[in-house]
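Dropping input_21.txt in here (compact mmCIF, C-alpha atoms and all ligand atoms):
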# COMPACT_ATOMS: atom_id res chain seq x y z
CA MET Q 1 48.86 183.92 160.97
CA ALA Q 2 47.63 186.83 163.01
CA GLU Q 3 46.77 186.25 166.64
CA ASP Q 4 43.36 187.45 167.71
CA SER Q 5 42.92 189.33 170.90
CA SER Q 6 40.89 186.53 172.49
CA LYS Q 7 42.72 184.20 174.82
CA LYS Q 8 44.30 181.45 172.83
CA ALA Q 9 45.20 178.00 174.02
CA ALA Q 10 48.49 176.53 172.85
CA MET Q 11 48.26 175.24 169.30
CA PRO Q 12 48.79 171.48 168.99
CA GLY Q 13 52.05 170.54 167.27
CA TRP Q 14 50.33 168.92 164.29
CA LEU Q 15 48.47 172.12 163.53
CA GLU Q 16 51.47 174.36 163.86
CA ALA Q 17 53.51 172.10 161.56
CA GLY Q 18 50.70 171.61 159.07
CA LEU Q 19 49.65 175.25 158.81
CA ALA Q 20 52.85 175.95 156.93
CA HIS Q 21 51.53 173.70 154.17
CA VAL Q 22 47.74 173.78 153.93
CA TRP Q 23 45.95 176.39 151.86
CA LEU Q 24 42.64 177.27 153.46
CA PRO Q 25 39.35 178.04 151.64
CA TYR Q 26 38.44 181.66 150.87
CA SER Q 27 41.12 182.84 153.29
CA GLN Q 28 43.72 185.52 153.16
CA MET Q 29 46.40 183.26 154.59
CA LYS Q 30 48.52 186.14 155.87
CA THR Q 31 45.87 187.71 158.07
CA ALA Q 32 43.32 184.97 158.79
CA SER Q 33 43.19 183.67 162.34
CA SER Q 34 44.22 180.06 162.53
CA PRO Q 35 41.47 177.44 162.30
CA LEU Q 36 40.29 175.78 165.51
CA PRO Q 37 41.86 172.37 166.10
CA VAL Q 38 39.03 169.81 166.31
CA VAL Q 39 39.65 166.38 167.83
CA ARG Q 40 36.14 164.92 167.96
CA THR Q 41 32.52 165.59 167.02
CA GLU Q 42 29.29 164.18 168.42
CA GLY Q 43 25.68 165.23 167.78
CA SER Q 44 25.74 169.03 167.64
CA ARG Q 45 29.03 169.31 169.51
CA ILE Q 46 32.53 170.07 168.29
CA PHE Q 47 35.36 169.19 170.71
CA LEU Q 48 38.57 171.21 170.50
CA ALA Q 49 42.11 170.05 171.25
CA ASP Q 50 42.31 172.24 174.36
CA GLY Q 51 39.23 170.62 175.88
CA ARG Q 52 36.72 173.32 174.92
CA GLU Q 53 33.38 172.23 173.49
CA LEU Q 54 31.35 174.23 170.95
CA ILE Q 55 27.70 173.96 169.96
CA ASP Q 56 27.61 173.82 166.20
CA GLY Q 57 25.37 176.30 164.39
CA ILE Q 58 26.40 175.46 160.83
CA ALA Q 59 26.31 171.63 160.60
CA SER Q 60 29.53 171.73 158.59
CA TRP Q 61 28.29 173.79 155.65
CA TRP Q 62 24.74 172.39 156.00
CA THR Q 63 25.73 168.76 155.54
CA ALA Q 64 25.41 167.10 158.96
CA CYS Q 65 21.61 167.12 159.10
CA HIS Q 66 21.42 164.20 161.58
CA GLY Q 67 24.23 165.55 163.76
CA TYR Q 68 27.80 164.30 163.79
CA ASN Q 69 28.83 160.65 164.20
CA GLN Q 70 25.30 159.39 163.72
CA PRO Q 71 25.59 155.69 164.73
CA HIS Q 72 23.39 154.24 161.95
CA ILE Q 73 25.40 156.02 159.23
CA ARG Q 74 28.70 155.13 160.93
CA HIS Q 75 27.78 151.45 161.06
CA ALA Q 76 26.63 151.41 157.44
CA VAL Q 77 29.93 152.94 156.30
CA ALA Q 78 31.99 150.60 158.50
CA LYS Q 79 30.15 147.56 157.13
CA GLN Q 80 30.69 148.70 153.55
CA LEU Q 81 34.36 149.38 154.31
CA GLU Q 82 34.85 145.75 155.34
CA GLN Q 83 33.26 144.52 152.15
CA MET Q 84 34.36 146.95 149.45
CA PRO Q 85 35.33 150.61 149.87
CA HIS Q 86 35.41 151.40 146.20
CA VAL Q 87 35.18 149.96 142.75
CA MET Q 88 35.09 151.89 139.50
CA PHE Q 89 31.64 152.61 138.07
CA GLY Q 90 32.63 152.08 134.45
CA GLY Q 91 31.63 148.52 133.48
CA LEU Q 92 31.07 147.60 137.14
CA ALA Q 93 28.18 148.30 139.44
CA HIS Q 94 27.36 147.67 143.09
CA GLU Q 95 24.30 147.37 145.25
CA GLN Q 96 24.70 150.59 147.25
CA ALA Q 97 24.69 152.81 144.14
CA ALA Q 98 21.87 150.90 142.44
CA THR Q 99 19.74 151.05 145.58
CA LEU Q 100 20.48 154.73 146.15
CA ALA Q 101 19.55 155.66 142.57
CA ARG Q 102 16.26 153.77 142.89
CA ARG Q 103 15.45 155.40 146.23
CA LEU Q 104 16.26 158.94 145.06
CA ALA Q 105 14.14 158.48 141.94
CA ALA Q 106 11.24 157.27 144.11
CA MET Q 107 11.53 160.27 146.47
CA LEU Q 108 11.82 163.03 143.91
CA PRO Q 109 8.78 164.69 142.32
CA GLY Q 110 7.80 164.47 138.67
CA ASP Q 111 9.64 161.93 136.62
CA LEU Q 112 13.11 162.82 137.83
CA THR Q 113 14.14 159.22 137.46
CA ARG Q 114 17.70 159.05 136.11
CA VAL Q 115 20.55 159.59 138.56
CA PHE Q 116 24.14 160.50 137.61
CA PHE Q 117 26.54 160.35 140.57
CA SER Q 118 29.58 162.54 141.15
CA ASP Q 119 31.70 163.63 144.09
CA SER Q 120 30.92 167.28 144.79
CA GLY Q 121 28.16 169.80 144.36
CA SER Q 122 30.13 171.85 141.85
CA VAL Q 123 30.66 168.80 139.68
CA ALA Q 124 26.95 167.90 139.91
CA VAL Q 125 26.24 171.39 138.56
CA GLU Q 126 28.83 170.99 135.78
CA VAL Q 127 27.12 167.73 134.81
CA ALA Q 128 23.69 169.42 134.83
CA LEU Q 129 24.98 172.17 132.51
CA LYS Q 130 26.61 169.69 130.14
CA MET Q 131 23.48 167.54 130.19
CA ALA Q 132 21.34 170.52 129.21
CA VAL Q 133 23.67 171.65 126.41
CA GLN Q 134 24.02 168.15 124.99
CA TYR Q 135 20.25 167.60 125.27
CA TRP Q 136 19.78 170.22 122.54
CA LEU Q 137 22.66 169.01 120.39
CA ASN Q 138 21.38 165.43 120.56
CA ARG Q 139 18.03 166.71 119.30
CA GLY Q 140 19.74 168.44 116.40
CA VAL Q 141 19.38 171.99 117.78
CA LYS Q 142 22.57 174.06 117.62
CA GLY Q 143 23.54 177.32 119.32
CA ARG Q 144 21.97 176.75 122.73
CA ALA Q 145 25.01 176.79 125.02
CA GLN Q 146 24.14 179.65 127.37
CA PHE Q 147 22.06 179.71 130.54
CA VAL Q 148 19.79 182.11 132.32
CA ALA Q 149 21.02 182.41 135.90
CA PHE Q 150 20.31 184.81 138.76
CA LYS Q 151 21.94 187.57 140.74
CA ASP Q 152 23.01 186.43 144.22
CA GLY Q 153 22.98 182.83 143.01
CA TYR Q 154 25.71 180.38 143.93
CA HIS Q 155 26.30 177.08 142.17
CA GLY Q 156 29.89 176.19 143.02
CA ASP Q 157 33.52 177.08 142.52
CA THR Q 158 34.48 175.24 139.34
CA THR Q 159 34.56 177.23 136.13
CA GLY Q 160 31.20 176.23 134.67
CA ALA Q 161 29.41 176.53 138.01
CA MET Q 162 31.11 179.84 138.80
CA ALA Q 163 29.97 181.26 135.46
CA VAL Q 164 26.30 180.77 136.42
CA SER Q 165 26.86 182.20 139.92
CA ASP Q 166 26.57 185.85 140.97
CA PRO Q 167 29.33 187.84 139.25
CA GLU Q 168 30.33 189.70 142.44
CA GLY Q 169 30.31 186.69 144.74
CA GLY Q 170 32.07 184.57 142.14
CA MET Q 171 34.65 187.29 141.46
CA HIS Q 172 33.92 187.06 137.75
CA ALA Q 173 36.07 190.09 137.07
CA LEU Q 174 39.18 188.12 138.12
CA PHE Q 175 38.36 185.23 135.84
CA ALA Q 176 36.80 187.12 132.96
CA GLY Q 177 38.99 185.47 130.35
CA LEU Q 178 38.17 182.00 131.61
CA LEU Q 179 34.43 182.18 132.07
CA PRO Q 180 31.76 181.53 129.48
CA GLN Q 181 29.11 184.26 129.23
CA HIS Q 182 25.56 183.71 130.43
CA ALA Q 183 22.56 185.95 131.13
CA LEU Q 184 22.70 186.85 134.84
CA VAL Q 185 19.39 188.52 135.66
CA ASP Q 186 17.14 189.44 138.60
CA LEU Q 187 14.96 186.67 140.00
CA PRO Q 188 11.42 187.22 138.71
CA ASP Q 189 10.09 188.02 142.18
CA THR Q 190 7.96 190.96 140.99
CA GLU Q 191 5.64 191.36 138.00
CA GLU Q 192 8.10 193.83 136.53
CA ARG Q 193 11.05 191.48 136.73
CA ALA Q 194 8.98 188.61 135.40
CA ALA Q 195 8.05 190.78 132.40
CA ALA Q 196 11.73 191.69 131.87
CA LEU Q 197 12.70 188.03 131.83
CA ASP Q 198 9.84 187.26 129.46
CA THR Q 199 11.13 189.99 127.13
CA LEU Q 200 14.69 188.68 127.27
CA LEU Q 201 13.52 185.17 126.46
CA ALA Q 202 11.24 186.34 123.66
CA ARG Q 203 14.28 187.94 122.08
CA ARG Q 204 16.97 185.37 122.83
CA ALA Q 205 15.45 182.00 123.84
CA GLY Q 206 17.35 180.32 121.02
CA ASP Q 207 20.68 181.13 122.74
CA PHE Q 208 19.79 179.31 125.93
CA ALA Q 209 19.91 175.66 126.94
CA GLY Q 210 18.11 176.30 130.20
CA ILE Q 211 17.48 178.25 133.38
CA ILE Q 212 19.35 177.42 136.60
CA VAL Q 213 18.16 178.48 140.05
CA GLU Q 214 18.46 177.59 143.72
CA PRO Q 215 14.82 177.04 144.66
CA LEU Q 216 13.43 179.06 147.64
CA VAL Q 217 16.79 179.95 149.19
CA GLN Q 218 19.91 181.41 147.61
CA GLY Q 219 22.39 180.05 150.12
CA ALA Q 220 26.00 181.11 149.80
CA GLY Q 221 24.89 184.31 148.02
CA GLY Q 222 23.46 185.65 151.28
CA MET Q 223 20.74 183.28 152.57
CA LEU Q 224 18.11 185.16 150.55
CA PHE Q 225 14.59 183.75 150.38
CA HIS Q 226 12.03 183.95 147.60
CA ASP Q 227 8.45 182.72 147.36
CA ALA Q 228 7.26 179.56 145.70
CA HIS Q 229 5.46 181.62 143.03
CA VAL Q 230 8.88 182.59 141.62
CA LEU Q 231 9.49 178.93 140.87
CA LYS Q 232 6.04 178.59 139.30
CA ARG Q 233 6.87 181.55 137.06
CA LEU Q 234 10.19 180.01 136.07
CA ARG Q 235 8.48 176.73 135.22
CA ALA Q 236 5.92 178.60 133.12
CA LEU Q 237 8.63 180.60 131.31
CA ALA Q 238 10.73 177.49 130.71
CA ASP Q 239 7.70 175.77 129.21
CA LYS Q 240 6.71 178.80 127.13
CA PHE Q 241 10.17 179.20 125.61
CA GLU Q 242 11.05 175.48 125.64
CA LEU Q 243 14.04 175.77 127.99
CA LEU Q 244 15.23 173.16 130.44
CA LEU Q 245 14.70 174.15 134.07
CA ILE Q 246 17.48 173.18 136.49
CA PHE Q 247 16.92 173.33 140.25
CA ASP Q 248 20.13 173.34 142.26
CA GLU Q 249 18.92 171.76 145.52
CA ILE Q 250 22.43 171.15 146.84
CA PHE Q 251 21.68 173.39 149.83
CA THR Q 252 17.88 173.10 150.04
CA GLY Q 253 17.55 169.34 149.49
CA PHE Q 254 16.81 166.92 152.35
CA GLY Q 255 14.50 168.97 154.52
CA ARG Q 256 16.46 172.16 155.11
CA THR Q 257 13.60 174.47 154.02
CA GLY Q 258 10.84 172.45 155.67
CA THR Q 259 9.88 170.04 152.90
CA MET Q 260 12.07 167.16 151.76
CA PHE Q 261 12.94 169.12 148.61
CA ALA Q 262 12.30 172.85 148.16
CA CYS Q 263 10.54 172.29 144.83
CA GLU Q 264 7.76 170.40 146.65
CA ALA Q 265 6.72 173.63 148.34
CA ALA Q 266 6.11 175.19 144.92
CA GLY Q 267 4.48 172.13 143.45
CA VAL Q 268 6.76 172.34 140.42
CA ALA Q 269 9.33 169.87 139.20
CA PRO Q 270 12.43 170.83 137.24
CA ASP Q 271 13.87 168.94 134.27
CA ILE Q 272 17.20 168.46 136.04
CA LEU Q 273 17.94 168.62 139.77
CA THR Q 274 21.24 168.60 141.66
CA LEU Q 275 21.87 167.24 145.17
CA SER Q 276 24.90 167.03 147.46
CA LYS Q 277 25.54 168.69 150.87
CA ALA Q 278 23.20 166.65 153.15
CA LEU Q 279 23.01 163.64 150.82
CA THR Q 280 25.29 161.51 153.01
CA GLY Q 281 24.25 163.17 156.27
CA GLY Q 282 27.52 165.08 156.28
CA THR Q 283 29.83 162.10 156.41
CA LEU Q 284 31.33 161.69 152.95
CA PRO Q 285 31.45 163.63 149.67
CA LEU Q 286 28.79 162.56 147.18
CA ALA Q 287 26.61 164.42 144.70
CA ALA Q 288 23.96 163.56 142.17
CA THR Q 289 22.46 165.11 139.05
CA ILE Q 290 18.99 163.75 138.39
CA ALA Q 291 17.26 164.05 135.03
CA THR Q 292 13.70 163.52 133.90
CA LYS Q 293 12.81 160.88 131.36
CA LYS Q 294 12.39 163.65 128.77
CA VAL Q 295 16.04 164.71 129.22
CA PHE Q 296 17.33 161.15 129.39
CA ASP Q 297 15.44 160.18 126.23
CA ALA Q 298 17.45 162.71 124.21
CA PHE Q 299 20.57 160.64 125.02
CA TRP Q 300 18.92 157.25 124.31
CA SER Q 301 20.19 156.28 120.86
CA ASP Q 302 22.18 153.81 118.81
CA ASP Q 303 24.69 156.59 118.26
CA PRO Q 304 27.64 156.43 120.74
CA GLN Q 305 28.19 160.19 120.21
CA LYS Q 306 24.87 160.84 121.91
CA ALA Q 307 26.01 159.33 125.23
CA LEU Q 308 26.44 161.71 128.17
CA MET Q 309 30.11 162.64 128.05
CA HIS Q 310 31.10 162.66 131.71
CA GLY Q 311 32.52 160.17 134.24
CA PRO Q 312 34.35 161.14 137.45
CA THR Q 313 36.90 158.58 138.66
CA PHE Q 314 35.29 158.16 142.07
CA MET Q 315 31.68 158.44 140.95
CA ALA Q 316 29.21 156.40 143.02
CA ASN Q 317 31.93 155.44 145.53
CA ALA Q 318 30.48 152.60 147.59
CA LEU Q 319 31.23 154.09 151.02
CA THR Q 320 29.52 157.34 150.11
CA CYS Q 321 26.49 155.56 148.66
CA ALA Q 322 26.24 153.41 151.81
CA ALA Q 323 26.28 156.59 153.89
CA ALA Q 324 23.57 158.14 151.71
CA ASN Q 325 21.37 155.04 151.95
CA ALA Q 326 21.75 155.10 155.73
CA SER Q 327 20.87 158.81 155.77
CA LEU Q 328 17.70 158.09 153.78
CA ASP Q 329 16.83 155.35 156.31
CA LEU Q 330 16.96 157.98 159.03
CA PHE Q 331 14.66 160.32 157.09
CA GLU Q 332 12.22 157.38 156.80
CA ARG Q 333 12.44 156.26 160.43
CA GLU Q 334 12.78 159.49 162.33
CA PRO Q 335 10.56 162.59 162.33
CA ARG Q 336 13.06 164.89 160.63
CA LEU Q 337 10.57 167.25 158.97
CA GLN Q 338 8.73 167.66 162.28
CA GLN Q 339 12.07 168.48 163.88
CA VAL Q 340 12.70 171.08 161.18
CA ALA Q 341 9.29 172.66 161.90
CA GLY Q 342 10.21 172.77 165.60
CA ILE Q 343 13.55 174.39 164.80
CA ALA Q 344 11.78 176.99 162.62
CA SER Q 345 9.54 178.02 165.54
CA ALA Q 346 12.48 178.12 167.94
CA LEU Q 347 14.57 180.20 165.51
CA GLU Q 348 11.67 182.64 165.05
CA ALA Q 349 11.26 183.07 168.78
CA GLY Q 350 14.96 182.99 169.62
CA LEU Q 351 16.08 185.51 166.98
CA ALA Q 352 13.05 187.83 167.36
CA PRO Q 353 14.81 190.16 169.85
CA CYS Q 354 17.26 191.06 167.06
CA ARG Q 355 14.43 192.79 165.18
CA GLN Q 356 14.54 195.67 167.68
CA LEU Q 357 18.29 196.13 167.50
CA GLN Q 358 20.12 198.84 165.63
CA GLY Q 359 21.96 197.88 162.49
CA VAL Q 360 19.72 194.87 161.87
CA LYS Q 361 18.31 194.98 158.36
CA ASP Q 362 16.25 191.81 158.43
CA VAL Q 363 15.55 188.73 160.50
CA ARG Q 364 14.15 185.79 158.56
CA VAL Q 365 13.55 182.09 159.05
CA LYS Q 366 12.70 179.32 156.63
CA GLY Q 367 12.75 175.75 157.88
CA ALA Q 368 16.00 175.12 159.74
CA ILE Q 369 17.61 178.32 158.42
CA GLY Q 370 17.69 181.39 160.65
CA VAL Q 371 19.20 184.61 159.35
CA VAL Q 372 20.05 187.96 160.89
CA GLU Q 373 21.05 190.28 158.08
CA MET Q 374 22.92 193.37 159.21
CA ALA Q 375 23.21 196.66 157.35
CA ARG Q 376 26.94 196.15 157.63
CA LEU Q 377 29.26 193.66 159.33
CA GLY Q 378 32.80 194.77 159.92
CA ASN Q 379 35.48 192.53 161.35
CA LEU Q 380 34.28 189.02 160.52
CA ASP Q 381 37.27 187.30 162.13
CA GLY Q 382 36.73 189.16 165.39
CA LEU Q 383 33.05 188.35 165.31
CA ARG Q 384 33.69 184.67 164.71
CA ALA Q 385 36.08 184.63 167.68
CA ARG Q 386 33.39 186.24 169.87
CA PHE Q 387 31.02 183.37 169.02
CA VAL Q 388 33.70 180.87 170.03
CA ASP Q 389 34.08 182.71 173.33
CA GLU Q 390 30.35 182.13 173.82
CA GLY Q 391 30.85 178.40 173.25
CA VAL Q 392 29.22 178.23 169.83
CA PHE Q 393 30.46 177.76 166.29
CA VAL Q 394 28.80 180.33 164.01
CA ARG Q 395 30.41 181.78 160.89
CA PRO Q 396 29.00 185.07 159.69
CA PHE Q 397 29.76 185.98 156.08
CA GLY Q 398 29.07 189.13 154.08
CA ASN Q 399 26.51 191.03 156.16
CA THR Q 400 24.83 187.87 157.35
CA ILE Q 401 24.82 185.96 160.60
CA TYR Q 402 23.02 182.68 160.09
CA LEU Q 403 22.19 179.42 161.84
CA THR Q 404 21.69 176.13 159.97
CA PRO Q 405 21.87 173.58 162.78
CA ALA Q 406 21.53 169.81 162.59
CA PHE Q 407 17.84 168.76 162.59
CA THR Q 408 18.54 166.69 165.72
CA ILE Q 409 19.82 169.62 167.78
CA ALA Q 410 18.44 169.65 171.35
CA PRO Q 411 16.20 172.59 172.34
CA ASP Q 412 18.69 173.84 174.95
CA GLU Q 413 21.53 173.72 172.41
CA LEU Q 414 19.47 175.68 169.90
CA ASN Q 415 18.61 178.15 172.61
CA ARG Q 416 22.31 178.66 173.31
CA LEU Q 417 22.89 179.38 169.62
CA THR Q 418 20.09 181.95 169.28
CA SER Q 419 21.02 183.56 172.63
CA ALA Q 420 24.61 183.94 171.48
CA VAL Q 421 23.46 185.58 168.24
CA VAL Q 422 21.21 188.03 170.11
CA LYS Q 423 23.94 188.82 172.64
CA ILE Q 424 26.59 189.45 170.02
CA VAL Q 425 24.32 191.50 167.72
CA ARG Q 426 23.48 193.59 170.79
CA GLU Q 427 27.20 194.15 171.38
CA LEU Q 428 27.47 195.58 167.87
CA GLN Q 429 25.18 198.49 168.81
C1 LIG V 501 27.62 174.25 148.19
C2 LIG V 501 26.84 174.45 146.96
C3 LIG V 501 27.35 174.09 145.69
C4 LIG V 501 28.76 173.55 145.52
O1 LIG V 501 28.95 172.35 146.17
P1 LIG V 501 30.46 171.86 146.47
O2 LIG V 501 30.27 170.49 147.05
O3 LIG V 501 31.02 172.83 147.44
O4 LIG V 501 31.18 171.84 145.20
C5 LIG V 501 26.55 174.26 144.59
N1 LIG V 501 25.31 174.76 144.70
C6 LIG V 501 24.78 175.11 145.89
C7 LIG V 501 23.39 175.64 145.95
C8 LIG V 501 25.52 174.98 147.05
O5 LIG V 501 25.02 175.36 148.22

Once more with this new file: its structure as structure tokens, please.
Amino acid sequence: MAEDSSKKAAMPGWLEAGLAHVWLPYSQMKTASSPLPVVRTEGSRIFLADGRELIDGIASWWTACHGYNQPHIRHAVAKQLEQMPHVMFGGLAHEQAATLARRLAAMLPGDLTRVFFSDSGSVAVEVALKMAVQYWLNRGVKGRAQFVAFKDGYHGDTTGAMAVSDPEGGMHALFAGLLPQHALVDLPDTEERAAALDTLLARRAGDFAGIIVEPLVQGAGGMLFHDAHVLKRLRALADKFELLLIFDEIFTGFGRTGTMFACEAAGVAPDILTLSKALTGGTLPLAATIATKKVFDAFWSDDPQKALMHGPTFMANALTCAAANASLDLFEREPRLQQVAGIASALEAGLAPCRQLQGVKDVRVKGAIGVVEMARLGNLDGLRARFVDEGVFVRPFGNTIYLTPAFTIAPDELNRLTSAVVKIVRELQ
């Protein structure tokens, strides 16, 4: 691996030995700088093997919403570990999963009342797609196996999820032979685009099982925001053309955009909703696909062929469900949404100086998401190293520098994050 110019502490032996064998995500292994060796986390802090301490601006891909090593979640997982780490979910059930399903159903809008557990966001999306396709087949309607999905969208890295993600971001060209074809269109964020989508659906509604969208924020596709009226339009179009509407709230769920779920801000409920990322407060991998009664009823039958044909080995793992229940306790007991509102104000104020700087295309904030979009960002590795030099962990991607801190971050820690962003954007002048 290439050395960066920044001073580098000696690599611990375990990392040096292991780097010959791990394959890192989205990384050109030949040229990527080596990952930072982490020995401990606490709150919004990441502790490195050489004694350095970083303030975390990402919350581990938006998962650790209560900060790291949250004691209530840790205790809940430890207690469950003593009793029963895992038992298969076929023919057996346990209290943590049953309780979590009941609590999620009670929290979600509309009659999103039936919860299917899995172990990653991508799989939750795969399940949502299969659910939608089989919904039509179970009702005796054939030919509806495609989806309407949106440019700049991201729904995961598995084949089905990748096929409904942005073609550029998902590198569809590489996998053309593998991917099913869907309609990838512009979000209906103008009258014109809404009319274009209406026209497409008028012509081809019978090809589609549903529409899939990340409500309010397209995350991995560039942290792009759209207004709630876009979601209202999608609900209206789905109703008009009798399509299922799927909201992928894997990023936006659990307060990130300012309401518990992004769809609440639009006052619309989807037919199917996916959750993962912050579901366990960033401790363990768990995901859920939640269906309305209308969707579930299409599977309710004396015919075994009409059952939902999916079942991950580790679905509803008891440790992960215990973590999720503990995370929901914290949302009930602690003022998380107020904290998100406070973070939004602090991000607005803290990132505002970037608006005056050259090369900055846009500065935007929604909930606990702060984005500085540049016209162009060159050397991402070098930039990431500069942030580490400033004592913060921030990972720009594409042309975007963004902050998605834990909701429990202290004001002075958040201030250090925004100051580092302003300082480093200024250096790019
Ligand atoms: C991260 C993400 C996924 C994929 O989740 P994984 O757990 O990485 O498989 C899907 N959809 C959205 C909106 C995401 O942000």

Checklist entry - Hey, can you pull every residue with an atom no more than 12 Å from (27.1, 157.4, 160.0), using all atoms listed in the file, and send it as number ranges by chain? => result Q: 42-43, 64-80, 279-284, 319-330

Checklist entry - Near region 301-304 of chain Q, counting only C-alpha atoms, which residues have an atom at most 12 Å away, once you skip same-chain residues fewer than 5 positions from it, shown as a list in words? => result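 My list of contacting residues is Asn138, Arg139, Phe296 and Met309 of chain Q.
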
Checklist entry - Can you list, as a PyMOL selection string, every protein, DNA or RNA residue that comes within 9 Å of Phe150 (chain Q) when you count all atoms listed in the file, leaving out same-chain residues fewer than 6 positions away? => result chain Q and resi 164-166+183-187+211-214

Residues of region 151-193 of chain Q that have any atom at most 12 Å from an atom of region 267-276 of chain Q: could you tabulate them with the shortest-distance atom pair and the distance in Å to one decimal, using only C-alpha atoms, ordered by chain and increasing number, as a Markdown table?
| residue | atom | partner | partner_atom | distance |
| --- | --- | --- | --- | --- |
| Q:His155 | CA | Q:Thr274 | CA | 9.9 |
| Q:Gly156 | CA | Q:Ser276 | CA | 11.3 |
| Q:Ala161 | CA | Q:Thr274 | CA | 12.0 |

Item to check | Å distance separating CA of Ala101 (chain Q) from CA of Val125 (chain Q), one decimal place | outcome: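 Between CA of Ala101 (chain Q) and CA of Val125 (chain Q) the gap is 17.6 Å.
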
Checklist outcome for this item: The distance between CA of Leu337 (chain Q) and CA of Ala106 (chain Q) is 17.9 Å

Would you compute, for all listed atoms of region 126-134 of chain Q, the axis-aligned bounding box grown by 4 Å on each side, and then report its centre and edge lengths in Å rounded to one decimal, as AutoDock Vina command-line options?
--center_x 25.1 --center_y 169.9 --center_z 130.4 --size_x 15.5 --size_y 12.6 --size_z 18.8

Checklist outcome for this item: Correct to one decimal, the distance atom N1 of ligand LIG 501 (chain V)-CA of His94 (chain Q) is 27.2 Å
